[in-house]
Amino acid sequence: MTSDTPKIPTTTLRPGVEIPLLGLGTWQAPPEDAYKAVRTALDLGYRHIDTARAYDNEEGVGRAIADSGLDRSEIFLTTKLPPDEVDDAPRIIDESLAKLGLEHLDLWLVHWPPNKEARPDVWEHVIAAQQAGKTRAIGVSNYSVAQIDELTSATGVTPSINQIPWSPADYDADLVAAHRERDVVLEGYSPFKRTNLDDAVLAEIAAAHGVTPTQVVLRWHLDTGVVAIPKSVNPDRIAANLDVTGFQLTEDEIARVSALEA
Ligand SMILES: NC(=O)c1ccc[n+]([C@@H]2O[C@H](COP(=O)([O-])OP(=O)(O)OC[C@H]3O[C@@H](n4cnc5c(N)ncnc54)[C@H](OP(=O)(O)O)[C@@H]3O)[C@@H](O)[C@H]2O)c1
């Protein structure tokens with residue numbers, strides 16, 4: 001990390017865990033590709049990596065973290081509990097930790113509501129893992145607000161974050177407000193796949209700042225306080241996706257991006 005390394009803003013997850021608003025996604029990156037991508041990302045200044053047991057690359061991600069030479073405390077690592085293995089949650093987190101070569105996760109998510117149900121009993125296992133010090137923060141992915149409320153009323157513990165599909169076309173002010181009211185951080189996935197990157201409004205805003213449409217999409221996440229985890233295994237694109245700290249969108253630009261269609 002040099003003085004030129006981008007400084008990525010963070011937000012705070014209950015109970016006081018800082019998460020960088022930009023991280024590297026690793027879905028569909030086989031272990032060796034994930035290893036190379038994570039090494040490149042950490043060298044460039046990324047400090048947040050998103051993986052999942054279902055991605056079958058935890059071993060490659062963990063090896064890259066180990067070989068990076070960075071202190072463990074500098075890196076924010078998320079992995080996820082697959083919905084079809086929730087009944088084995090205590091074993092699954094131990095296996096994830098072993099594959100990653102880590103003593104604790106920073107964030108453990110229930111990857112999907114099992115059989116479309118909230119399952120407070122599963123959430124109890126996730127809470128227990130946090131209490132045992134196996135993960136610093138806990139959350140969910142692909143949950144509805146009603147399902148989050150069900151977990152809260154059954155256990156007294158609200159997920160600190162919900163990772164959901166998110167892009168300008170998905171923007172929903174009511175959904176954003178519902179998460180904020182509950183102090184649940186919104187984390188978006190598939191920022192590019194869900195966006196028409198040829199959109200004329202994105203092109204115009206990108207040109208105004210001398211950046212690309214993909215960089216506008218990521219900056220829009222940062223400027224609206226939503227965590228973004230773009231995936232790339234290409235070193236140039238990994239670098240471009242991090243290079244979003246040199247400009248900011250105006251209020252008007254944020255509103256125009258939020259109004260885009262898919
Ligand atoms: N919780 C869930 O259920 C869930 C579901 C989906 C995803 N996720 C997480 O979110 C991450 C991101 O989502 P995603 O992988 O679905 O989609 P994404 O990040 O929107 O898009 C990834 C695709 O865009 C390409 N790309 C990356 N940077 C680019 C750039 N600057 N310009 C043009 N193309 C670029 C990548 O190709 P190259 O690799 O060749 O650059 C890849 O084909 C995942 O990797 C995963 O960690 C979570």
# chains A, B, ... in the order shown; residues from 1 in each chain; ligands from 1
call {"tool": "residues_around", "arguments": {"residues": "range 26-36 of chain A", "least_positions_apart": "2", "cutoff": "9 Å", "atoms": "only C-alpha atoms", "output": "list of chain:residue names"}}
result
A:Leu24, A:Val38, A:Arg39, A:Thr40, A:Ala41, A:Ile49, A:Asp50, A:Thr51, A:Ala52, A:Ala54, A:Tyr55, A:Asp56, A:Asn57, A:Glu58, A:Glu59, A:Gly60, A:Val61, A:Gly62, A:Arg63, A:Ala64, A:Ile65, A:Ile229, A:Pro230, A:Lys231, A:Ser232, A:Val233, A:Pro235
call {"tool": "residues_around", "arguments": {"residues": "range 201-203 of chain A", "least_positions_apart": "3", "cutoff": "9 Å", "atoms": "only C-alpha atoms", "output": "MDAnalysis selection string"}}
result
chainID A and resid 196:198 206:208 212:214 216:217 256:257 260
call {"tool": "select_by_dssp", "arguments": {"residues": "range 83-139 of chain A", "states": "alpha helix (DSSP H)", "output": "ChimeraX atom specification"}}
result
/A:89-100,120-131
call {"tool": "write_last_selection", "arguments": {"atoms": "C-alpha atoms", "output": "PDB file, in the first residue's frame"}}
result
ATOM      1  CA  ALA A  89     -24.318 -24.616  10.723  1.00  0.00           C
ATOM      2  CA  PRO A  90     -21.792 -25.182  13.582  1.00  0.00           C
ATOM      3  CA  ARG A  91     -19.811 -27.642  11.437  1.00  0.00           C
ATOM      4  CA  ILE A  92     -20.037 -25.468   8.326  1.00  0.00           C
ATOM      5  CA  ILE A  93     -18.486 -22.392   9.942  1.00  0.00           C
ATOM      6  CA  ASP A  94     -15.625 -24.512  11.286  1.00  0.00           C
ATOM      7  CA  GLU A  95     -15.051 -25.915   7.790  1.00  0.00           C
ATOM      8  CA  SER A  96     -15.110 -22.426   6.265  1.00  0.00           C
ATOM      9  CA  LEU A  97     -12.585 -21.209   8.836  1.00  0.00           C
ATOM     10  CA  ALA A  98     -10.347 -24.221   8.149  1.00  0.00           C
ATOM     11  CA  LYS A  99     -10.489 -23.726   4.355  1.00  0.00           C
ATOM     12  CA  LEU A 100      -9.848 -20.006   4.694  1.00  0.00           C
ATOM     13  CA  PRO A 120     -35.046 -18.218  13.405  1.00  0.00           C
ATOM     14  CA  ASP A 121     -33.625 -21.567  14.607  1.00  0.00           C
ATOM     15  CA  VAL A 122     -30.875 -21.236  11.986  1.00  0.00           C
ATOM     16  CA  TRP A 123     -30.319 -17.616  12.996  1.00  0.00           C
ATOM     17  CA  GLU A 124     -29.793 -18.839  16.601  1.00  0.00           C
ATOM     18  CA  HIS A 125     -26.839 -20.922  15.318  1.00  0.00           C
ATOM     19  CA  VAL A 126     -25.414 -17.854  13.583  1.00  0.00           C
ATOM     20  CA  ILE A 127     -25.791 -15.793  16.776  1.00  0.00           C
ATOM     21  CA  ALA A 128     -24.039 -18.574  18.707  1.00  0.00           C
ATOM     22  CA  ALA A 129     -21.121 -18.508  16.266  1.00  0.00           C
ATOM     23  CA  GLN A 130     -20.706 -14.779  16.850  1.00  0.00           C
ATOM     24  CA  GLN A 131     -20.914 -15.257  20.632  1.00  0.00           C
TER      25      GLN A 131
END
call {"tool": "residues_around", "arguments": {"residues": "Trp108 in chain A", "least_positions_apart": "6", "cutoff": "8 Å", "atoms": "only C-alpha atoms", "output": "ChimeraX atom specification"}}
result
/A:78-81,126,135,137-140
call {"tool": "select_by_dssp", "arguments": {"residues": "range 17-243 of chain A", "states": "strand (DSSP E or B)", "output": "PyMOL selection string"}}
result
chain A and resi 17-20+22+24-25+48-50+76-81+105-110+135-141+161-165+185-189+227-228+231
call {"tool": "residues_around", "arguments": {"residues": "range 7-20 of chain A", "least_positions_apart": "5", "cutoff": "12 Å", "atoms": "only C-alpha atoms", "output": "count of residues only"}}
result
55
call {"tool": "atom_distance", "arguments": {"atom1": "atom 16 (O, counted along the ligand's line) of ligand 1", "atom2": "CA of Pro165 in chain A"}}
result
8.5 Å
call {"tool": "atom_distance", "arguments": {"atom1": "atom 6 (C, counted along the ligand's line) of ligand 1", "atom2": "CA of Ser167 in chain A"}}
result
12.1 Å
call {"tool": "closest_residue", "arguments": {"among": "A:Ala146, A:Ala66, A:Leu22, A:Leu249", "to": "ligand 1", "atoms": "only C-alpha atoms and all ligand atoms"}}
result
A:Leu22
